[in-house]
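Trainee: Can you keep this structure in mind? I'll have questions shortly.
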Amino acid sequence: MAITSIKNLKEFSTNNDRFEGAHTLCPGCAHSMIVRELMNCTDDNLVISSNTGCLEVSTAVYPFTSWDTSWIHIGFENAATAVSGAEAMHKARKKKGTLKDNDAPVKFVAFGGDGSTYDIGFQWLSGAVERGHDFTYICLDNENYANTGGQRSSATPIGATTTTAQAGSHSYGKKEKKKDMVAIMAAHGAPYVAQLAPNKWKAMAKGFQKALETEGPCFINTVSPCCTEWKFDPKDTIGITDLATDSLMFPIYEIIDGHELNILYRPKNIIGVEEYMGAQGRYKHLFKPENRHIIDKVQQDVNEYWDYLQRREEARI
Amino acid sequence: MAEKYDLQEREVWDGNFAASQALRQAQVDVVAAYPITPSTPIVENYGSYVANGYIDGEFVMVESEHAAMSGCVGASAAGGRVSTATSSQGFALMTEVLYQASGMRLPIVLNVVNRALASPLNVRGDHADMYLGRDSGWIQLDAFNAQEAYDLALCAFRIGEHHDVRLPVMVHQDGFITSHTAQNVYPLSDEVAYNFVGDFKPVDDMLDFSRPVTYGAQTEEDWHFEHKARQHKALMDSRPIIDEIFADFEKVSGRKYNRVESYDMEDAEVAIVALGTTVETARVAAKELRAEEGIKAGVVAIRCFRPFPFDMVRDSLENVKSVAVLDRSSPGGAMGAFFNEVSAALYTTPNRPLVTNFIYGLGGRDFSISEAKRIFKEQKAHADAGHITTDIQQFSGLRGPHLGFFQTKRG
Amino acid sequence: MQDLNLLANDNRGQTDLGNSSSLVGWDEVTQGTILQSFEGDATGIAQKKAEERSYSTFSSYTATVASWRVKKPVFNIDVCIDCQNCWVWCPDSSILSRDKQMLGIDYDHCKGCEVCVEVCPTNPKSLLMFSEYTPLDEALSQWPEKKKKEEK
């Protein structure tokens with residue numbers, strides 16, 4: 001049984017953990033929730049690569065590793081390429097019959113933060129996806145360079161304060177909108193692209209399984225709330241994620257073969273972005289009268305994007 | 001099974017073709033590559049061998065040299081034979097990953113077709129890229145012609161993949177002069193070549209799921225130093241193994257390589273120390289000078305630039321009176337790096353020969369036999385005077401007023 | 001009351017991270033900084049439960065981060081409905097569930113983030129935070145009563 005059944009959480013919980021504790025991620029970090037879920041939703045052998053970032057520096061600190069699978073880290077930008085090299089080697093060795101077990105099923109996975117995915121590793125990811133390697137790339141999107149202390153990335157939303165796009169007496173924080181990475185990856189023609197969130201564990205597990213099962217390059221953007229840099233209490237990680245998905249700041253959807261868009265979660269009660277922003281220190285300054293227009297702008301953008309997603313879902317184009 | 005490739009006993013190949021034939025005969029599993037002049041034909045040819053069934057391998061044409069070496073690292077950690085090629089700017093772009101490959105002890109073979117580094121942009125041969133790799137923890141072998149580019153590429157797989165070495169290896173050849181000049185090459189048969197290289201025997205194989213491994217762990221001040229020291233020790237310890245493999249290669253090919261090559265050095269009074277195609281130029285000059293003027297000239301060439309053969313350099317030069325060390329790389333505000341390394345070796349000899357430094361041939365500037373003779377004669381003048389009579393660092397073949405730096409301090 | 005070593009392998013949580021006693025010389029560090037996760041043949045390791053695995057000393061399973069905690073979650077099995085919310089969202093692989101049942105907490109790897117308490121849906125909660133120094137029996141004796149709806 002390669003892909004394990006996930007009819008319900010009780011059933012899912014019978015899967016054995018493949019990602020070990022005593023890594024050094026912050027308490028309450030969503031990264032490890034996402035990584036655990038990916039690794040636990042399959043029994044297949046995994047070859048995993050990670051870009052430099054919080055996940056990497058916290059899970060392989062010599063002389064300890066938290067990985068129960070083959071794992072490699074090279075640099076900040078090249079996890080997609082490292083795993084595509086390993087995937088090419090798997091093909092070559094399978095052809096020659098030089099693998100230890102020629103029939104053992106294996107899945108190739110790369111993890112990167114938003115800094116390495118949206119910024120420094122963008123070209124490497126684009127290249128690996130264009131070449132069509134059979135792998136799944138998962139972006140742990142916490143919307144900033146958390147590992148270096150909270151600098152802006154091109155995934156940082158407008159209005160958030162970061163150390164390099166600071167809110168101050170003359171600034172409301174980051175001035176630019178977040179890059180639409182999901183659309184960019186769908187435009188590569190990747191067979192499976194999705195945006196998922198750990199609070200919606202079932203949609204996330206199913207999306208992960210779909211990506212692992214799909215032949216070819218798959219891309220998944222996961223929202224990974226960062227208590228340290230978003231400034232909220234670690235215990236609230238899932239609560240904040242609920243606000244993210246219910247305010248539609250992070251809509252949950254998939255795009256199959258670049259065109260078939262399916263919305264995977266429709267909040268029963270859509271909440272305002274104000275509620276989501278109000279729960280985090282990084283948006284605190286937006287609640288000053290002179291900055292409130294940014295909240296309004298974000299709300300308008302969110303509404304428009306939700307409308308766009310629904311129309312695309314309906315149109316199937 | 002790979003298709004049979006027809007080979008003659010003597011082929012007319014340029015250095016690029018010769019290197020690519022070594023990749024074919026070694027049946028490299030994965031080549032991840034990005035094109036750059038003048039090394040492009042090496043990987044193009046590999047791609048063509050895959051396309052025509054001469055290799056059962058995977059050719060991954062990536063989007064940059066950084067990705068080329070990253071793909072090679074991932075592939076090598078996945079337990080198979082890996083090679084690629086690059087030059088110059090491409091080499092510079094992959095530098096970050098060169099350090100990663102050696103730190104992870106991955107036996108990748110990189111064919112470097114030496115070319116100048118911009119700015120200003122230049123596609124011709126000098127050793128700027130080779131020097132950029134000198135602290136990267138790779139073994140660096142230097143071929144002076146197409147035959148050697150072929151021979152050393154085969155040796156490189158054997159050396160790097162040896163379980164007591166497990167280090168990546170660069171095989172250098174000079175851009176255009178070697179890479180694009182057709183010369184006679186005597187290849188081994190496919191069978192002899194493959195048997196010499198042998199099957200790839202994986203170590204810490206990411207695709208061996210009975211033994212999951214973590215590559216690329218973080219080490220801070222409490223661990224990093226020990227790891228780098230162990231890596232340096234591995235490089236130093238590769239020296240006798242390289243000698244052993246060169247001896248094995250002589251058995252199958254009749255061609256003998258040494259980490260330091262000496263030509264006409266038995267009774268030499270003056271010497272040129274050089275790398276690359278310049279070695280052959282200097283050898284002709286030395287022979288002619290001996291015949292024409294009776295100057296006892298010899299040439300010392302470094303076959304293995306890393307690990308640097310400190311003791312062998314010393315042994316081959318300690319009885320010479322004056323030595324010119326030729327650096328084909330812009331020194332950037334210092335004496336040439338090669339000069340510094342040879343001088344350091346000679347400083348530990350009782351006789352301490354005079355050593356001067358020539359910067360030459362940048363951006364593919366031709367280095368002629370007559371210029372080599374002039375340099376020999378200058379060494380003879382130093383030898384006769386008992387001290388360096390010129391600037392210690394000079395430029396050879398440069399237009400414009402004399403450019404030189406530093407003189408000997410004399411009591 | 002939970003055994004502190006519930007489902008622990010012999011070597012779970014034996015070493016403090018950064019413990020200088022593990023430091024070895026250059027001749028003993030692993031080649032290429034490579035770390036092996038398990039001892040012996042680890043084929044099909046995903047099918048094995050943690051307590052059945054032969055972790056190598058390089059696996060962080062053998063390390064502990066217990067010292068990070070100021071407060072610890074305490075589990076009350078009498079209230080738990082085995083929904084497994086805590087299992088799926090624990091960032092530190094520290095919820096010990098077997099055969100669809102929540103059994104307790106891996107105190108070697110729990111950092112005390114309190115996510116499990118927050119996502120616990122029972123009334124009263126089956127997991128609550130207590131000072132690291134409160135003994136488990138004392139914590140359980142202080143368990144609150146079911147809250148009435150209006151108090152919520």
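By order in the structure tokens, chains are A, B, ...; within a chain, residues start at 1; ligands start at 1, following the order shown.
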Sort by chain and increasing residue number a table of all residues of chain A within 6 Å of chain B, each with its closest pair of atoms and their distance in Å to one decimal, counting only C-alpha atoms, and write it as a Markdown table.
Mentor:
| residue | atom | partner | partner_atom | distance |
| --- | --- | --- | --- | --- |
| A:Ala60 | CA | B:Ala217 | CA | 4.8 |
| A:Val61 | CA | B:Gln218 | CA | 4.8 |
| A:Tyr62 | CA | B:Thr219 | CA | 5.5 |
| A:Thr69 | CA | B:Pro212 | CA | 5.1 |
| A:Ser70 | CA | B:Pro212 | CA | 4.6 |
| A:Trp71 | CA | B:Thr214 | CA | 4.7 |
| A:Ile72 | CA | B:Tyr215 | CA | 4.5 |
| A:His73 | CA | B:Gly216 | CA | 4.8 |
| A:Thr81 | CA | B:Gly71 | CA | 5.2 |
| A:Ala82 | CA | B:Gly74 | CA | 4.2 |
| A:Val83 | CA | B:Gly74 | CA | 5.9 |
| A:Gly85 | CA | B:Gly71 | CA | 4.2 |
| A:Ala86 | CA | B:Ala75 | CA | 4.2 |
| A:Met89 | CA | B:Ala75 | CA | 5.2 |
| A:Ala92 | CA | B:Gly57 | CA | 5.1 |
| A:Lys100 | CA | B:Asp208 | CA | 5.9 |
| A:Gly127 | CA | B:Glu63 | CA | 5.7 |
Trainee: Give me the residues within 12 Å of Thr163 in chain A as number ranges by chain, counting only C-alpha atoms and dropping any in the same chain fewer than 6 places off.
Mentor: A: 144-146, 148-153, 156, 173-174, 229-230, 282
Trainee: Between A:Pro267, A:Gly239, A:Gly189, A:Gly53, which one has atoms that come closest to chain C, using only C-alpha atoms?
Mentor: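 The closest residue to chain C is A:Gly239.
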Trainee: I need the helix (DSSP H, G or I) residues of range 78-215 of chain A per DSSP on the backbone, written as a PyMOL selection string.
Mentor: chain A and resi 79-96+114-120+122-130+181-187+201-213
Trainee: Between CA of Phe111 in chain A and CA of Ala244 in chain A, measure the distance and give it in Å to one decimal.
Mentor: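 Atom-to-atom, CA of Phe111 in chain A to CA of Ala244 in chain A, that is 21.4 Å.
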Trainee: How close does chain C get to chain B? List, as CSV, each residue of chain C within 12 Å, its nearest atom pair and the distance in Å to one decimal, counting only C-alpha atoms.
Mentor:
residue,atom,partner,partner_atom,distance
C:Gly18,CA,B:Asp222,CA,8.9
C:Asn19,CA,B:Asp222,CA,10.4
C:Ser20,CA,B:Asp222,CA,8.5
C:Ser21,CA,B:Asp222,CA,11.4
C:Ser22,CA,B:Asp222,CA,10.4
C:Leu23,CA,B:Asp222,CA,7.6
C:Val24,CA,B:Glu226,CA,8.4
C:Gly25,CA,B:Glu226,CA,6.3
C:Trp26,CA,B:Glu226,CA,4.2
C:Asp27,CA,B:Arg230,CA,6.4
C:Glu28,CA,B:Glu226,CA,8.8
C:Val29,CA,B:His227,CA,6.5
C:Thr30,CA,B:His227,CA,7.9
C:Gln31,CA,B:Arg105,CA,7.2
C:Gly32,CA,B:Met104,CA,4.0
C:Thr33,CA,B:Ala217,CA,6.5
C:Ile34,CA,B:Tyr215,CA,5.1
C:Leu35,CA,B:Thr214,CA,5.0
C:Gln36,CA,B:Val213,CA,4.6
C:Ser37,CA,B:Pro212,CA,5.9
C:Phe38,CA,B:Arg211,CA,6.8
C:Glu39,CA,B:Arg211,CA,8.0
C:Gly40,CA,B:Arg211,CA,7.5
C:Asp41,CA,B:Ser210,CA,5.0
C:Ala42,CA,B:Ser210,CA,4.4
C:Thr43,CA,B:Ser210,CA,4.1
C:Gly44,CA,B:Ser210,CA,7.6
C:Ile45,CA,B:Ser210,CA,8.3
C:Ala46,CA,B:Phe209,CA,10.7
C:Ser54,CA,B:Arg211,CA,11.4
C:Tyr55,CA,B:Pro212,CA,11.0
C:Ser56,CA,B:Arg211,CA,10.7
C:Phe58,CA,B:Thr214,CA,9.7
C:Ser59,CA,B:Thr214,CA,9.9
C:Ser60,CA,B:Thr214,CA,11.9
Trainee: Suppose we keep N, CA, C and O atoms; can you now write the selection as a compact mmCIF listing (two decimals), in the first residue's frame?
Mentor:
# COMPACT_ATOMS: atom_id res chain seq x y z
N GLY C 18 23.33 19.59 21.34
CA GLY C 18 24.48 20.44 21.64
C GLY C 18 25.31 19.92 22.80
O GLY C 18 26.19 20.61 23.31
N ASN C 19 25.05 18.70 23.24
CA ASN C 19 25.80 18.10 24.32
C ASN C 19 27.26 17.89 23.89
O ASN C 19 27.53 17.22 22.92
N SER C 20 28.17 18.47 24.65
CA SER C 20 29.57 18.45 24.20
C SER C 20 30.20 17.07 24.38
O SER C 20 31.26 16.80 23.84
N SER C 21 29.54 16.17 25.12
CA SER C 21 30.15 14.86 25.32
C SER C 21 30.19 14.04 24.03
O SER C 21 30.92 13.07 23.92
N SER C 22 29.38 14.45 23.04
CA SER C 22 29.39 13.71 21.78
C SER C 22 30.48 14.19 20.83
O SER C 22 30.67 13.63 19.77
N LEU C 23 31.19 15.24 21.18
CA LEU C 23 32.20 15.79 20.27
C LEU C 23 33.33 14.79 20.07
O LEU C 23 33.86 14.25 21.05
N VAL C 24 33.68 14.57 18.81
CA VAL C 24 34.80 13.68 18.51
C VAL C 24 35.79 14.41 17.61
O VAL C 24 35.50 15.47 17.08
N GLY C 25 36.97 13.83 17.45
CA GLY C 25 38.03 14.45 16.66
C GLY C 25 37.82 14.29 15.16
O GLY C 25 36.92 13.56 14.72
N TRP C 26 38.68 14.95 14.40
CA TRP C 26 38.53 14.96 12.94
C TRP C 26 38.57 13.56 12.34
O TRP C 26 37.98 13.31 11.30
N ASP C 27 39.28 12.66 13.01
CA ASP C 27 39.41 11.30 12.47
C ASP C 27 38.17 10.45 12.71
O ASP C 27 38.05 9.36 12.18
N GLU C 28 37.25 10.96 13.53
CA GLU C 28 36.07 10.16 13.85
C GLU C 28 34.77 10.73 13.30
O GLU C 28 33.73 10.09 13.40
N VAL C 29 34.80 11.94 12.75
CA VAL C 29 33.56 12.48 12.18
C VAL C 29 33.21 11.67 10.93
O VAL C 29 34.08 11.04 10.33
N THR C 30 31.93 11.69 10.57
CA THR C 30 31.50 10.86 9.44
C THR C 30 31.99 11.45 8.13
O THR C 30 32.05 12.67 7.97
N GLN C 31 32.34 10.57 7.19
CA GLN C 31 32.80 11.03 5.88
C GLN C 31 31.71 11.83 5.18
O GLN C 31 30.57 11.38 5.08
N GLY C 32 32.07 13.02 4.71
CA GLY C 32 31.12 13.83 3.96
C GLY C 32 29.99 14.40 4.81
O GLY C 32 28.97 14.82 4.28
N THR C 33 30.18 14.39 6.13
CA THR C 33 29.16 14.92 7.07
C THR C 33 27.84 14.14 6.92
O THR C 33 26.78 14.66 7.24
N ILE C 34 27.92 12.93 6.42
CA ILE C 34 26.70 12.17 6.14
C ILE C 34 26.23 11.45 7.40
O ILE C 34 27.04 10.94 8.18
N LEU C 35 24.94 11.49 7.61
CA LEU C 35 24.35 10.89 8.81
C LEU C 35 23.43 9.75 8.40
O LEU C 35 22.60 9.90 7.50
N GLN C 36 23.56 8.66 9.08
CA GLN C 36 22.74 7.48 8.80
C GLN C 36 21.64 7.44 9.86
O GLN C 36 21.92 7.53 11.04
N SER C 37 20.38 7.31 9.41
CA SER C 37 19.26 7.43 10.36
C SER C 37 19.04 6.20 11.22
O SER C 37 18.58 6.31 12.36
N PHE C 38 19.35 5.02 10.68
CA PHE C 38 19.05 3.79 11.41
C PHE C 38 20.25 2.86 11.45
O PHE C 38 21.12 2.93 10.59
N GLU C 39 20.26 1.99 12.42
CA GLU C 39 21.25 0.90 12.46
C GLU C 39 20.67 -0.29 11.70
O GLU C 39 19.47 -0.54 11.78
N GLY C 40 21.51 -1.01 11.02
CA GLY C 40 21.04 -2.23 10.36
C GLY C 40 20.14 -1.95 9.18
O GLY C 40 20.09 -0.84 8.68
N ASP C 41 19.42 -3.00 8.76
CA ASP C 41 18.58 -2.90 7.57
C ASP C 41 17.29 -2.16 7.91
O ASP C 41 16.52 -2.61 8.75
N ALA C 42 17.07 -1.05 7.25
CA ALA C 42 15.89 -0.23 7.54
C ALA C 42 14.84 -0.33 6.43
O ALA C 42 13.98 0.53 6.30
N THR C 43 14.90 -1.40 5.64
CA THR C 43 13.90 -1.57 4.58
C THR C 43 12.50 -1.58 5.20
O THR C 43 12.28 -2.21 6.23
N GLY C 44 11.59 -0.84 4.59
CA GLY C 44 10.21 -0.82 5.06
C GLY C 44 10.03 -0.15 6.42
O GLY C 44 9.11 -0.46 7.16
N ILE C 45 10.91 0.77 6.74
CA ILE C 45 10.89 1.41 8.06
C ILE C 45 9.56 2.15 8.31
O ILE C 45 9.11 2.26 9.45
N ALA C 46 8.91 2.61 7.23
CA ALA C 46 7.64 3.33 7.40
C ALA C 46 6.56 2.43 7.99
O ALA C 46 5.61 2.92 8.60
N SER C 54 15.27 0.52 14.92
CA SER C 54 16.64 0.64 15.45
C SER C 54 17.22 1.98 15.01
O SER C 54 17.96 2.04 14.03
N TYR C 55 16.86 3.02 15.71
CA TYR C 55 17.41 4.32 15.38
C TYR C 55 18.91 4.35 15.65
O TYR C 55 19.38 3.78 16.64
N SER C 56 19.65 5.02 14.78
CA SER C 56 21.07 5.21 15.07
C SER C 56 21.20 6.38 16.03
O SER C 56 20.25 7.15 16.22
N PHE C 58 22.53 8.96 15.47
CA PHE C 58 22.44 10.21 14.71
C PHE C 58 20.99 10.67 14.54
O PHE C 58 20.75 11.79 14.12
N SER C 59 20.04 9.80 14.80
CA SER C 59 18.64 10.21 14.64
C SER C 59 18.27 11.14 15.78
O SER C 59 18.58 10.87 16.96
N SER C 60 17.57 12.22 15.46
CA SER C 60 17.18 13.14 16.53
C SER C 60 16.15 12.50 17.46
O SER C 60 15.86 13.03 18.53
Trainee: Could you pull the residues within 8 Å of Glu114 in chain C, counting only C-alpha atoms, minus those fewer than 5 positions along the same chain, as a ChimeraX atom specification?
Mentor: /A:28,234-235 /C:72-73,129
Trainee: Write the selection just made, keeping N, CA, C and O atoms, as a compact mmCIF listing (two decimals), in the first residue's frame?
Mentor:
# COMPACT_ATOMS: atom_id res chain seq x y z
N GLY A 28 5.53 25.27 18.02
CA GLY A 28 4.33 25.74 17.33
C GLY A 28 4.53 26.02 15.85
O GLY A 28 3.62 26.51 15.18
N PRO A 234 2.50 30.89 19.96
CA PRO A 234 2.70 29.60 19.29
C PRO A 234 1.49 28.67 19.34
O PRO A 234 1.25 27.91 18.40
N LYS A 235 0.74 28.72 20.41
CA LYS A 235 -0.40 27.79 20.52
C LYS A 235 -1.46 28.08 19.46
O LYS A 235 -2.30 27.23 19.16
N LYS C 72 4.19 22.15 30.41
CA LYS C 72 4.05 20.89 29.66
C LYS C 72 2.56 20.56 29.50
O LYS C 72 1.74 20.90 30.37
N PRO C 73 2.22 19.90 28.42
CA PRO C 73 0.83 19.44 28.31
C PRO C 73 0.64 18.17 29.13
O PRO C 73 1.53 17.33 29.17
N MET C 129 -2.25 22.59 29.93
CA MET C 129 -0.86 22.94 30.25
C MET C 129 -0.69 23.10 31.76
O MET C 129 -1.53 23.71 32.44
Trainee: What are the residues of chain C that have an atom within 6 Å of an atom of chain A, counting only C-alpha atoms, as a list in words?
Mentor: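 So the residues of chain C near chain A are Ser37, Ala46, Lys49, Phe58, Ser59, Ser60, Tyr61, Ala63, Thr64, Val65, Gln84, Trp89, Pro91, Asp92, Ser93, Asp99, Lys100, His109, Lys111, Cys113, Glu114 and Val115 of chain C.
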Trainee: If we count only C-alpha atoms and set the cut-off at 8 Å, which residues sit around range 249-254 of chain A, ignoring sequence neighbours fewer than 2 positions away in its own chain? Please answer as a ChimeraX atom specification.
Mentor: /A:192-197,207,223,244-247,256,260-265,273,302,306
Trainee: Could you give me, as a list in words, the residues within 12 Å of Gln300 in chain A, counting only C-alpha atoms and dropping anything in the same chain fewer than 4 positions from it?
Mentor: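 Counting only the stated atoms, we get Ser247, Leu248, Met249, Gly272, Val273, Glu274, His293, Ile294, Ile295, Asp296, Glu304, Tyr305, Trp306 and Asp307 of chain A.
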Trainee: From the DSSP assignment of the backbone, select every residue of range 30-121 of chain C that is strand (DSSP E or B), and format the answer as an MDAnalysis selection string.
Mentor: chainID C and resid 35:36 38 55 59 63:64 71:75 95:98 101:105
Trainee: Could you tell me how far CA of Gln142 in chain C sits from CA of Cys110 in chain C, in Å to one decimal place?
Mentor: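 Interatomic distance, CA of Cys110 in chain C to CA of Gln142 in chain C: 21.6 Å.
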Trainee: Arg316 in chain A: which residues within 10 Å, counting only C-alpha atoms, same-chain residues fewer than 2 positions away excluded, as a list of chain:residue names?
Mentor: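 So the residues in contact are A:Ile255, A:His259, A:Glu260, A:Leu261, A:Asn262, A:Gln310, A:Arg311, A:Arg312, A:Glu313, A:Glu314.
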Trainee: Considering only C-alpha atoms, return as number ranges by chain whatever protein or nucleic-acid residues lie within 12 Å of Ser126 in chain C, sequence-local ones (same chain, fewer than 3 positions apart) excluded.
Mentor: C: 73-86, 102-105, 116-123, 129, 139-140, 143-146
